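File shown here: upload-v4.cif, holding mmCIF, C-alpha atoms and all ligand atoms.
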```cif
data_query
loop_
_atom_site.label_atom_id
_atom_site.label_comp_id
_atom_site.auth_asym_id
_atom_site.auth_seq_id
_atom_site.Cartn_x
_atom_site.Cartn_y
_atom_site.Cartn_z
CA MET A 56 25.96 -19.11 -151.88
CA ILE A 57 27.95 -20.79 -154.64
CA ASP A 58 26.22 -23.07 -157.13
CA LYS A 59 27.65 -26.48 -156.18
CA SER A 60 27.00 -27.93 -159.62
CA ASN A 61 29.70 -25.60 -161.00
CA ILE A 62 32.45 -26.87 -158.70
CA PRO A 63 33.64 -29.88 -160.77
CA LYS A 64 33.65 -27.73 -163.93
CA ILE A 65 35.74 -24.99 -162.27
CA LEU A 66 38.19 -27.50 -160.82
CA ILE A 67 38.62 -29.33 -164.12
CA GLU A 68 39.06 -26.07 -166.02
CA SER A 69 41.85 -25.07 -163.65
CA LEU A 70 43.71 -28.38 -164.17
CA PRO A 71 45.85 -27.14 -167.14
CA TYR A 72 47.01 -24.15 -165.07
CA ILE A 73 47.73 -26.31 -162.03
CA LYS A 74 49.82 -28.64 -164.24
CA LYS A 75 51.62 -25.67 -165.78
CA PHE A 76 52.57 -24.02 -162.48
CA SER A 77 53.01 -27.03 -160.21
CA GLY A 78 56.54 -27.16 -158.79
CA LYS A 79 57.27 -23.64 -160.12
CA ARG A 80 58.14 -20.51 -158.16
CA ILE A 81 55.96 -17.44 -158.30
CA VAL A 82 57.02 -14.14 -156.74
CA ILE A 83 54.17 -11.93 -155.62
CA LYS A 84 54.71 -8.32 -154.54
CA TYR A 85 51.98 -7.27 -152.19
CA GLY A 86 51.59 -3.49 -152.27
CA GLY A 87 51.12 -1.38 -149.20
CA HIS A 88 48.16 0.30 -150.82
CA ALA A 89 46.49 -3.01 -151.70
CA MET A 90 46.72 -4.35 -148.17
CA VAL A 91 44.40 -2.15 -146.18
CA ASP A 92 41.01 -3.86 -146.41
CA GLU A 93 40.41 -6.77 -143.97
CA LYS A 94 38.37 -8.86 -146.43
CA LEU A 95 41.04 -8.46 -149.13
CA LYS A 96 43.82 -9.37 -146.73
CA LYS A 97 42.05 -12.64 -145.90
CA ALA A 98 41.36 -13.38 -149.58
CA PHE A 99 45.02 -12.73 -150.46
CA ALA A 100 46.21 -15.01 -147.66
CA SER A 101 43.89 -17.81 -148.78
CA ASP A 102 45.08 -17.45 -152.41
CA ILE A 103 48.68 -17.92 -151.24
CA VAL A 104 47.80 -20.97 -149.12
CA LEU A 105 45.84 -22.51 -152.00
CA LEU A 106 48.83 -22.09 -154.34
CA LYS A 107 51.08 -23.88 -151.85
CA TYR A 108 48.62 -26.75 -151.40
CA ILE A 109 48.50 -27.39 -155.16
CA GLY A 110 52.27 -27.61 -155.38
CA ILE A 111 53.19 -24.06 -156.46
CA ASN A 112 55.88 -22.21 -154.49
CA PRO A 113 54.69 -18.67 -153.73
CA ILE A 114 57.23 -16.16 -152.42
CA VAL A 115 55.69 -12.97 -151.02
CA VAL A 116 57.54 -9.63 -150.99
CA HIS A 117 55.64 -6.77 -149.42
CA GLY A 118 55.68 -2.99 -149.36
CA GLY A 119 54.11 -0.82 -146.72
CA GLY A 120 54.07 2.81 -147.85
CA PRO A 121 50.78 3.78 -146.16
CA GLN A 122 51.72 1.96 -142.94
CA ILE A 123 55.11 3.75 -142.82
CA ASN A 124 53.43 7.10 -143.52
CA LYS A 125 51.05 6.57 -140.61
CA VAL A 126 53.87 6.05 -138.11
CA LEU A 127 56.01 8.85 -139.56
CA ASP A 128 53.00 11.22 -139.41
CA SER A 129 52.40 10.39 -135.77
CA MET A 130 56.07 11.25 -135.11
CA GLY A 131 55.73 14.52 -137.04
CA ILE A 132 58.14 13.39 -139.79
CA THR A 133 57.14 14.19 -143.38
CA SER A 134 58.45 12.17 -146.31
CA LYS A 135 59.83 13.43 -149.59
CA PHE A 136 59.59 11.20 -152.66
CA ILE A 137 62.02 11.21 -155.58
CA ARG A 138 60.92 9.22 -158.66
CA GLY A 139 58.67 7.14 -156.42
CA MET A 140 61.40 6.44 -153.84
CA ARG A 141 61.14 7.69 -150.27
CA TYR A 142 64.04 9.91 -149.14
CA THR A 143 65.33 8.00 -146.12
CA ASP A 144 67.44 9.64 -143.41
CA GLY A 145 68.69 7.68 -140.38
CA GLU A 146 65.57 8.32 -138.28
CA THR A 147 63.23 7.39 -141.15
CA MET A 148 65.30 4.24 -141.79
CA ASP A 149 64.70 3.07 -138.21
CA VAL A 150 60.95 3.56 -138.65
CA VAL A 151 60.96 1.81 -142.05
CA GLU A 152 62.81 -1.22 -140.64
CA MET A 153 60.54 -1.44 -137.59
CA VAL A 154 57.29 -1.05 -139.51
CA LEU A 155 58.16 -3.27 -142.49
CA GLY A 156 60.14 -5.99 -140.70
CA GLY A 157 57.86 -5.87 -137.64
CA LYS A 158 54.21 -4.93 -137.82
CA VAL A 159 53.53 -5.31 -141.54
CA ASN A 160 55.57 -8.48 -142.07
CA LYS A 161 54.16 -10.27 -139.03
CA GLU A 162 50.60 -9.37 -139.91
CA ILE A 163 50.95 -10.96 -143.36
CA VAL A 164 52.62 -14.02 -141.80
CA ALA A 165 49.80 -14.34 -139.25
CA ASN A 166 47.10 -13.96 -141.94
CA ILE A 167 48.64 -16.70 -144.11
CA ASN A 168 49.03 -18.99 -141.11
CA ALA A 169 45.43 -18.34 -140.04
CA GLU A 170 44.36 -19.69 -143.44
CA GLY A 171 46.37 -22.89 -142.88
CA GLY A 172 49.73 -21.97 -144.45
CA LYS A 173 53.21 -22.12 -142.93
CA ALA A 174 54.56 -18.61 -143.52
CA VAL A 175 57.90 -17.37 -142.22
CA GLY A 176 58.78 -13.68 -142.14
CA LEU A 177 62.22 -12.45 -143.22
CA THR A 178 63.98 -9.22 -143.96
CA GLY A 179 66.91 -9.04 -146.36
CA LYS A 180 69.22 -9.37 -143.35
CA ASP A 181 68.06 -12.92 -142.60
CA GLY A 182 70.35 -15.44 -144.25
CA SER A 183 71.99 -12.41 -145.97
CA LEU A 184 69.13 -12.67 -148.45
CA ILE A 185 69.39 -9.11 -149.84
CA ILE A 186 72.79 -7.43 -150.13
CA ALA A 187 72.32 -3.77 -150.97
CA LYS A 188 74.24 -0.65 -151.86
CA LYS A 189 73.30 3.00 -151.89
CA MET A 190 71.13 4.01 -154.81
CA LYS A 191 71.94 7.05 -156.93
CA ILE A 192 68.87 8.65 -158.45
CA TYR A 193 69.19 10.59 -161.70
CA GLN A 194 66.61 13.33 -162.24
CA ASP A 195 66.25 14.29 -165.88
CA HIS A 196 65.91 18.04 -166.57
CA GLY A 197 65.43 17.95 -170.36
CA VAL A 198 67.65 17.31 -173.39
CA ASP A 199 69.94 20.34 -173.07
CA LYS A 200 70.69 19.87 -169.36
CA LEU A 201 72.77 17.28 -167.53
CA PRO A 202 70.73 14.96 -165.28
CA GLU A 203 70.92 15.87 -161.60
CA ILE A 204 72.29 13.21 -159.23
CA ILE A 205 70.17 13.09 -156.10
CA ASP A 206 71.28 11.54 -152.81
CA PRO A 207 68.24 9.66 -151.46
CA GLY A 208 69.82 8.86 -148.06
CA MET A 209 69.55 5.20 -147.01
CA VAL A 210 67.63 4.13 -150.11
CA GLY A 211 69.32 1.05 -151.48
CA GLU A 212 69.43 -0.98 -154.63
CA VAL A 213 70.02 -4.70 -154.75
CA SER A 214 73.60 -5.72 -155.43
CA GLN A 215 73.14 -9.43 -154.69
CA ILE A 216 70.45 -11.93 -153.75
CA ASN A 217 71.48 -15.01 -151.74
CA PRO A 218 68.44 -17.23 -152.27
CA ASP A 219 69.52 -20.24 -150.12
CA ILE A 220 67.15 -19.32 -147.31
CA ILE A 221 64.23 -19.24 -149.79
CA TYR A 222 65.07 -22.72 -151.10
CA THR A 223 65.53 -24.08 -147.58
CA LEU A 224 62.13 -22.78 -146.50
CA ALA A 225 60.34 -23.87 -149.67
CA ASP A 226 61.81 -27.38 -149.39
CA HIS A 227 60.07 -27.70 -146.03
CA ASP A 228 56.74 -26.31 -147.25
CA PHE A 229 57.21 -22.88 -145.67
CA ILE A 230 56.09 -19.73 -147.47
CA PRO A 231 58.70 -16.93 -147.29
CA VAL A 232 57.28 -13.45 -146.61
CA ILE A 233 59.98 -10.88 -147.28
CA ALA A 234 60.26 -7.27 -146.07
CA PRO A 235 62.28 -5.06 -148.46
CA VAL A 236 65.12 -4.15 -146.12
CA GLY A 237 68.66 -4.85 -147.33
CA VAL A 238 72.07 -5.03 -145.68
CA GLY A 239 75.18 -3.24 -146.94
CA LYS A 240 78.72 -4.59 -146.97
CA ASP A 241 79.51 -2.79 -143.70
CA GLY A 242 76.32 -4.02 -142.06
CA GLU A 243 74.36 -0.82 -142.74
CA THR A 244 70.61 -0.99 -143.30
CA TYR A 245 68.95 0.02 -146.58
CA ASN A 246 65.36 0.79 -147.45
CA ILE A 247 64.69 -0.77 -150.84
CA ASN A 248 61.60 -0.30 -152.96
CA ALA A 249 59.68 -3.57 -152.66
CA ASP A 250 59.09 -3.81 -156.42
CA LEU A 251 62.86 -3.81 -156.91
CA VAL A 252 63.32 -6.56 -154.34
CA ALA A 253 60.56 -8.68 -155.87
CA ALA A 254 62.03 -8.35 -159.38
CA ASN A 255 65.55 -9.19 -158.23
CA ILE A 256 64.40 -12.20 -156.23
CA ALA A 257 62.25 -13.40 -159.13
CA SER A 258 65.20 -13.36 -161.53
CA ALA A 259 67.64 -14.83 -158.97
CA ILE A 260 65.41 -17.86 -158.35
CA GLY A 261 64.25 -18.29 -161.96
CA ALA A 262 60.60 -17.57 -161.14
CA GLU A 263 57.91 -18.53 -163.62
CA ARG A 264 55.98 -15.36 -162.87
CA LEU A 265 56.43 -11.99 -161.16
CA ILE A 266 53.10 -10.53 -160.07
CA LEU A 267 53.09 -6.98 -158.75
CA LEU A 268 49.87 -6.24 -156.88
CA THR A 269 48.95 -2.61 -156.51
CA ASP A 270 45.88 -0.42 -155.96
CA VAL A 271 45.03 0.37 -159.60
CA ASP A 272 43.97 -1.84 -162.54
CA GLY A 273 47.47 -1.88 -164.06
CA VAL A 274 49.35 0.76 -166.02
CA LEU A 275 46.89 3.47 -167.07
CA ASP A 276 47.25 5.64 -170.17
CA SER A 277 46.66 9.41 -170.27
CA ASP A 278 42.87 8.76 -170.46
CA ASN A 279 43.09 6.55 -167.37
CA LYS A 280 42.41 3.43 -169.44
CA ARG A 281 44.21 0.21 -168.60
CA ILE A 282 46.97 -0.85 -170.98
CA SER A 283 46.76 -4.64 -171.30
CA SER A 284 50.31 -5.16 -172.59
CA LEU A 285 53.35 -2.93 -172.57
CA ALA A 286 56.84 -3.11 -174.12
CA PHE A 287 60.07 -1.44 -173.02
CA LYS A 288 60.15 1.48 -175.48
CA SER A 289 56.51 2.54 -174.92
CA ALA A 290 56.99 2.31 -171.16
CA GLN A 291 60.08 4.57 -171.35
CA ASP A 292 58.13 7.12 -173.42
CA MET A 293 55.30 7.08 -170.90
CA ILE A 294 57.77 7.73 -168.07
CA SER A 295 59.45 10.66 -169.85
CA GLU A 296 56.02 12.11 -170.74
CA GLN A 297 55.07 11.65 -167.05
CA VAL A 298 52.00 9.57 -167.89
CA ILE A 299 53.69 7.02 -165.65
CA HIS A 300 54.85 8.77 -162.48
CA GLY A 301 55.42 8.27 -158.76
CA GLY A 302 55.29 4.71 -157.42
CA MET A 303 54.38 3.34 -160.86
CA ILE A 304 57.87 4.21 -162.21
CA PRO A 305 59.87 1.61 -160.24
CA LYS A 306 57.05 -0.89 -160.69
CA VAL A 307 57.10 -0.68 -164.49
CA GLU A 308 60.91 -0.63 -164.64
CA CYS A 309 61.02 -3.74 -162.44
CA ALA A 310 58.41 -5.64 -164.41
CA LEU A 311 60.44 -5.08 -167.59
CA GLU A 312 63.80 -5.78 -165.99
CA ALA A 313 62.56 -9.12 -164.61
CA ILE A 314 61.56 -10.51 -168.01
CA LYS A 315 64.86 -9.34 -169.48
CA LYS A 316 66.58 -11.39 -166.78
CA GLY A 317 64.71 -14.61 -167.47
CA VAL A 318 61.41 -14.44 -165.56
CA LYS A 319 58.81 -15.93 -167.95
CA LYS A 320 56.08 -13.31 -167.46
CA SER A 321 55.56 -10.24 -165.31
CA HIS A 322 52.30 -8.50 -164.53
CA ILE A 323 50.98 -5.50 -162.64
CA ILE A 324 47.49 -6.22 -161.32
CA ASN A 325 44.95 -4.66 -159.00
CA GLY A 326 45.20 -6.15 -155.53
CA LYS A 327 41.89 -4.51 -154.65
CA ILE A 328 40.12 -7.12 -156.79
CA GLU A 329 39.24 -10.02 -154.53
CA HIS A 330 41.34 -13.12 -155.35
CA ALA A 331 43.33 -11.12 -157.94
CA VAL A 332 46.20 -13.64 -157.78
CA LEU A 333 44.00 -16.63 -158.62
CA LEU A 334 42.24 -14.73 -161.40
CA GLU A 335 45.58 -13.83 -162.91
CA LEU A 336 47.06 -17.31 -162.73
CA PHE A 337 44.01 -19.44 -163.53
CA THR A 338 42.31 -17.61 -166.37
CA ASP A 339 43.42 -17.20 -169.99
CA SER A 340 42.64 -13.53 -170.38
CA GLY A 341 44.25 -12.39 -167.13
CA ILE A 342 43.79 -8.98 -165.54
CA GLY A 343 46.08 -5.94 -165.35
CA THR A 344 49.09 -5.12 -167.54
CA LEU A 345 51.36 -7.80 -169.00
CA PHE A 346 54.92 -6.82 -169.95
CA PHE A 347 56.80 -8.13 -172.94
CA ASN A 348 60.28 -7.94 -174.38
CA GLU A 349 60.49 -6.65 -177.96
N1 LIG A 401 50.32 5.62 -165.54
C1 LIG A 401 49.97 5.17 -164.33
N2 LIG A 401 49.15 4.11 -164.23
C2 LIG A 401 48.77 3.64 -163.03
N3 LIG A 401 49.16 4.16 -161.83
C3 LIG A 401 49.99 5.22 -161.86
C4 LIG A 401 50.45 5.77 -163.10
N4 LIG A 401 51.29 6.80 -162.81
C5 LIG A 401 51.34 6.90 -161.48
N5 LIG A 401 50.58 5.97 -160.88
C6 LIG A 401 50.43 5.83 -159.42
O1 LIG A 401 51.20 4.73 -158.93
C7 LIG A 401 50.54 4.21 -157.77
C8 LIG A 401 51.06 2.82 -157.39
O2 LIG A 401 52.35 2.89 -156.79
P1 LIG A 401 52.57 3.03 -155.21
O3 LIG A 401 54.03 2.97 -154.95
O4 LIG A 401 51.83 4.21 -154.72
O5 LIG A 401 51.81 1.76 -154.59
P2 LIG A 401 52.35 0.28 -154.29
O6 LIG A 401 53.71 0.09 -154.91
O7 LIG A 401 51.28 -0.64 -154.72
O8 LIG A 401 52.47 0.22 -152.72
P3 LIG A 401 53.83 0.31 -151.83
O9 LIG A 401 54.72 1.32 -152.49
O10 LIG A 401 53.36 0.73 -150.49
O11 LIG A 401 54.39 -1.06 -151.81
C9 LIG A 401 49.08 4.24 -158.17
O12 LIG A 401 48.23 4.27 -157.06
C10 LIG A 401 49.00 5.55 -158.98
O13 LIG A 401 48.61 6.63 -158.15
MG MG A 402 55.41 1.48 -154.48
#
```

Just dump the structure as structure tokens.
Amino acid sequence: MIDKSNIPKILIESLPYIKKFSGKRIVIKYGGHAMVDEKLKKAFASDIVLLKYIGINPIVVHGGGPQINKVLDSMGITSKFIRGMRYTDGETMDVVEMVLGGKVNKEIVANINAEGGKAVGLTGKDGSLIIAKKMKIYQDHGVDKLPEIIDPGMVGEVSQINPDIIYTLADHDFIPVIAPVGVGKDGETYNINADLVAANIASAIGAERLILLTDVDGVLDSDNKRISSLAFKSAQDMISEQVIHGGMIPKVECALEAIKKGVKKSHIINGKIEHAVLLELFTDSGIGTLFFNE
């Protein structure tokens, strides 16, 4: 039971943050790994609805790695990962589009709506929101060797964001929930890492904040301790020393890229902490790793 006498104090203390963020856009990437627990899903949905009711415009971009793995496993398809990106052949692409744009997207939409929000699910094909092209991945093999160029199949990178659909929805109090599927110039479908989509959308719409929710406390150092703030050069060193690896690579690169392109602040935080989004936005100290531009 909450102590009711604390309520006015908490509300008044949050007033400066409400003033600061009211009318602003905040892009939140909801990680596949952070969206497995039922209680956390409900808490996340209520955070998003609360933001909307106090005049902030949340835009949700989601991943779905574990959910895709589950379906691929049941079909006997195993995934290969290259620098945190899933190798995507035609068959895998169909599964990715169905799982992300279907099951995962609609579940988030339904959860937000159950908490009293007006969420609308989109993929990058809707309103031509995400125009993509094939990504080339460079694998570094040391200083004396040329990097290897790897073909990741239908893995895309963002070539253009057309944000009109986001503005149209936000103007009518809807909350966009975006699956990271892009469309190529010939109508082909691309699987795009959700961190990449979130960062590109955040910079295209001039977001105040980019918040990347994941399943760990932020970027961890070689002793597994959280790094509270991280700059470009140190992040690059940590990637080449493989302290940052796997799915954390695109996440860190995106967080840095976003602030270079005008997003005020970007953070990686632990979505397994209940109400992580509110804690991040409405407290001074914040949680997770904050990125800065040197
Ligand atoms: N230095 C590091 N600090 C923190 N996590 C790291 C680090 N290096 C690698 N990781 C891994 O990165 C993972 C997070 O990325 P991952 O892509 O798996 O999840 P996600 O992006 O939250 O979900 P999804 O990809 O489904 O949207 C962590 O669970 C951790 O295992
Ligand atoms: Mg990931």

Review point. So which residues fall inside 9 Å of (51.5, -3.1, -145.1) if we count only C-alpha atoms? Mind giving them as an MDAnalysis selection string?
Key: chainID A and resid 85:91 117:123 154:155 158:160 162:163

Practice item. Please give me, as a ChimeraX atom specification, the residues lying within 9 Å of ligand LIG 401 (chain A) when counting only C-alpha atoms and all ligand atoms. Key: /A:84-90,117-123,139-140,248-250,267-277,279-282,293-294,297-306,325-326

Expected file contents, prior selection, C-alpha atoms, as a PDB file, in the coordinates of the input:
```pdb
ATOM      1  CA  LYS A  84      54.710  -8.320-154.540  1.00  0.00           C
ATOM      2  CA  TYR A  85      51.980  -7.270-152.190  1.00  0.00           C
ATOM      3  CA  GLY A  86      51.590  -3.490-152.270  1.00  0.00           C
ATOM      4  CA  GLY A  87      51.120  -1.380-149.200  1.00  0.00           C
ATOM      5  CA  HIS A  88      48.160   0.300-150.820  1.00  0.00           C
ATOM      6  CA  ALA A  89      46.490  -3.010-151.700  1.00  0.00           C
ATOM      7  CA  MET A  90      46.720  -4.350-148.170  1.00  0.00           C
ATOM      8  CA  HIS A 117      55.640  -6.770-149.420  1.00  0.00           C
ATOM      9  CA  GLY A 118      55.680  -2.990-149.360  1.00  0.00           C
ATOM     10  CA  GLY A 119      54.110  -0.820-146.720  1.00  0.00           C
ATOM     11  CA  GLY A 120      54.070   2.810-147.850  1.00  0.00           C
ATOM     12  CA  PRO A 121      50.780   3.780-146.160  1.00  0.00           C
ATOM     13  CA  GLN A 122      51.720   1.960-142.940  1.00  0.00           C
ATOM     14  CA  ILE A 123      55.110   3.750-142.820  1.00  0.00           C
ATOM     15  CA  GLY A 139      58.670   7.140-156.420  1.00  0.00           C
ATOM     16  CA  MET A 140      61.400   6.440-153.840  1.00  0.00           C
ATOM     17  CA  ASN A 248      61.600  -0.300-152.960  1.00  0.00           C
ATOM     18  CA  ALA A 249      59.680  -3.570-152.660  1.00  0.00           C
ATOM     19  CA  ASP A 250      59.090  -3.810-156.420  1.00  0.00           C
ATOM     20  CA  LEU A 267      53.090  -6.980-158.750  1.00  0.00           C
ATOM     21  CA  LEU A 268      49.870  -6.240-156.880  1.00  0.00           C
ATOM     22  CA  THR A 269      48.950  -2.610-156.510  1.00  0.00           C
ATOM     23  CA  ASP A 270      45.880  -0.420-155.960  1.00  0.00           C
ATOM     24  CA  VAL A 271      45.030   0.370-159.600  1.00  0.00           C
ATOM     25  CA  ASP A 272      43.970  -1.840-162.540  1.00  0.00           C
ATOM     26  CA  GLY A 273      47.470  -1.880-164.060  1.00  0.00           C
ATOM     27  CA  VAL A 274      49.350   0.760-166.020  1.00  0.00           C
ATOM     28  CA  LEU A 275      46.890   3.470-167.070  1.00  0.00           C
ATOM     29  CA  ASP A 276      47.250   5.640-170.170  1.00  0.00           C
ATOM     30  CA  SER A 277      46.660   9.410-170.270  1.00  0.00           C
ATOM     31  CA  ASN A 279      43.090   6.550-167.370  1.00  0.00           C
ATOM     32  CA  LYS A 280      42.410   3.430-169.440  1.00  0.00           C
ATOM     33  CA  ARG A 281      44.210   0.210-168.600  1.00  0.00           C
ATOM     34  CA  ILE A 282      46.970  -0.850-170.980  1.00  0.00           C
ATOM     35  CA  MET A 293      55.300   7.080-170.900  1.00  0.00           C
ATOM     36  CA  ILE A 294      57.770   7.730-168.070  1.00  0.00           C
ATOM     37  CA  GLN A 297      55.070  11.650-167.050  1.00  0.00           C
ATOM     38  CA  VAL A 298      52.000   9.570-167.890  1.00  0.00           C
ATOM     39  CA  ILE A 299      53.690   7.020-165.650  1.00  0.00           C
ATOM     40  CA  HIS A 300      54.850   8.770-162.480  1.00  0.00           C
ATOM     41  CA  GLY A 301      55.420   8.270-158.760  1.00  0.00           C
ATOM     42  CA  GLY A 302      55.290   4.710-157.420  1.00  0.00           C
ATOM     43  CA  MET A 303      54.380   3.340-160.860  1.00  0.00           C
ATOM     44  CA  ILE A 304      57.870   4.210-162.210  1.00  0.00           C
ATOM     45  CA  PRO A 305      59.870   1.610-160.240  1.00  0.00           C
ATOM     46  CA  LYS A 306      57.050  -0.890-160.690  1.00  0.00           C
ATOM     47  CA  ASN A 325      44.950  -4.660-159.000  1.00  0.00           C
ATOM     48  CA  GLY A 326      45.200  -6.150-155.530  1.00  0.00           C
TER      49      GLY A 326
END
```

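With only C-alpha atoms and all ligand atoms as the atoms that count, the minimum distance from ligand MG 402 (chain A) to the choices A:Ile247, A:Met209, A:Val82, A:Ala98 is reached by A:Ile247.
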
Exercise for review: Excluding A:Lys107 and residues on its chain fewer than 3 positions from it, collect all residues at most 10 Å away from it, counting all atoms listed in the file, and give them as a PyMOL selection string.
Suggested key: chain A and resi 77-78+101-104+110-114+172-173+225+228-230

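Comparing A:Gly145, A:Gly131, A:Pro235, A:Gly211 by their smallest distance to ligand MG 402 (chain A), the closest is A:Pro235 (using only C-alpha atoms and all ligand atoms).
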
Check your understanding: Which is closest to A:Ile137 among A:Lys64, A:Lys161, A:Lys191, A:His330, if we use all atoms listed in the file?
Key -> A:Lys191

Review point. Any idea what the distance is between atom CA of A:Arg80 and atom CA of A:Asn168?
Key: 19.4 Å

Exercise for review: Enter the distance from atom CA of A:Gln215 to atom CA of A:Ile186, in Å, rounded to one decimal.
Suggested key: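 For atom CA of A:Gln215 relative to atom CA of A:Ile186, the distance reads 5.0 Å.
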
Exercise for review: Would you mind telling me which residue in A:Ile204, A:Ile192, A:Met130, A:Val116 lies nearest to ligand MG 402 (chain A) when using all atoms listed in the file?
Suggested key: A:Val116

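One finds atom CA of A:Tyr72 at 24.9 Å from atom CA of A:Glu312.
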
Practice item. Find, counting all atoms listed in the file, the residue in A:Arg138, A:Lys75, A:His196, A:Lys288 that gets nearest to ligand MG 402 (chain A). Key: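 For ligand MG 402 (chain A), the nearest of the given residues is A:Arg138.
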
Check your understanding: Pick the closest to A:Tyr142 from A:Asp199, A:Asp206, A:Asp181, A:Glu93: which is it, counting all atoms listed in the file?
Key -> A:Asp206

Would you kindly return, as a PDB file with C-alpha atoms, in the coordinates of the input, each protein, DNA or RNA residue with an atom no farther than 6 Å from any atom of stretch 256-264 of chain A, considering only C-alpha atoms and excluding same-chain residues fewer than 5 positions away?
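After the write, part.pdb holds the following:
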```
ATOM      1  CA  ARG A  80      58.140 -20.510-158.160  1.00  0.00           C
ATOM      2  CA  ILE A  81      55.960 -17.440-158.300  1.00  0.00           C
ATOM      3  CA  VAL A  82      57.020 -14.140-156.740  1.00  0.00           C
ATOM      4  CA  ALA A 313      62.560  -9.120-164.610  1.00  0.00           C
ATOM      5  CA  LYS A 316      66.580 -11.390-166.780  1.00  0.00           C
ATOM      6  CA  VAL A 318      61.410 -14.440-165.560  1.00  0.00           C
ATOM      7  CA  LYS A 319      58.810 -15.930-167.950  1.00  0.00           C
ATOM      8  CA  LYS A 320      56.080 -13.310-167.460  1.00  0.00           C
ATOM      9  CA  SER A 321      55.560 -10.240-165.310  1.00  0.00           C
TER      10      SER A 321
END
```

Exercise for review: Do a neighbour search on A:Asn166 at 8 Å with only C-alpha atoms, toss out local chain neighbours closer than 6 positions, and write the hits as number ranges by chain.
Suggested key: A: 96-97, 100

Exercise for review: Mind checking which residues fall within 9 Å of A:Val151, counting only C-alpha atoms, ignoring those fewer than 2 positions away in the same chain, and posting them as a list in words?
Suggested key: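 Non-adjacent residues within range: Gly119, Ile123, Leu127, Thr143, Glu146, Thr147, Met148, Asp149, Met153, Val154, Leu155, Gly156, Val236 and Asn246 of chain A.
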
Write the selection just made, keeping C-alpha atoms, as a PDB file, keeping the file's coordinate frame?
```
ATOM      1  CA  GLY A 119      54.110  -0.820-146.720  1.00  0.00           C
ATOM      2  CA  ILE A 123      55.110   3.750-142.820  1.00  0.00           C
ATOM      3  CA  LEU A 127      56.010   8.850-139.560  1.00  0.00           C
ATOM      4  CA  THR A 143      65.330   8.000-146.120  1.00  0.00           C
ATOM      5  CA  GLU A 146      65.570   8.320-138.280  1.00  0.00           C
ATOM      6  CA  THR A 147      63.230   7.390-141.150  1.00  0.00           C
ATOM      7  CA  MET A 148      65.300   4.240-141.790  1.00  0.00           C
ATOM      8  CA  ASP A 149      64.700   3.070-138.210  1.00  0.00           C
ATOM      9  CA  MET A 153      60.540  -1.440-137.590  1.00  0.00           C
ATOM     10  CA  VAL A 154      57.290  -1.050-139.510  1.00  0.00           C
ATOM     11  CA  LEU A 155      58.160  -3.270-142.490  1.00  0.00           C
ATOM     12  CA  GLY A 156      60.140  -5.990-140.700  1.00  0.00           C
ATOM     13  CA  VAL A 236      65.120  -4.150-146.120  1.00  0.00           C
ATOM     14  CA  ASN A 246      65.360   0.790-147.450  1.00  0.00           C
TER      15      ASN A 246
END
```
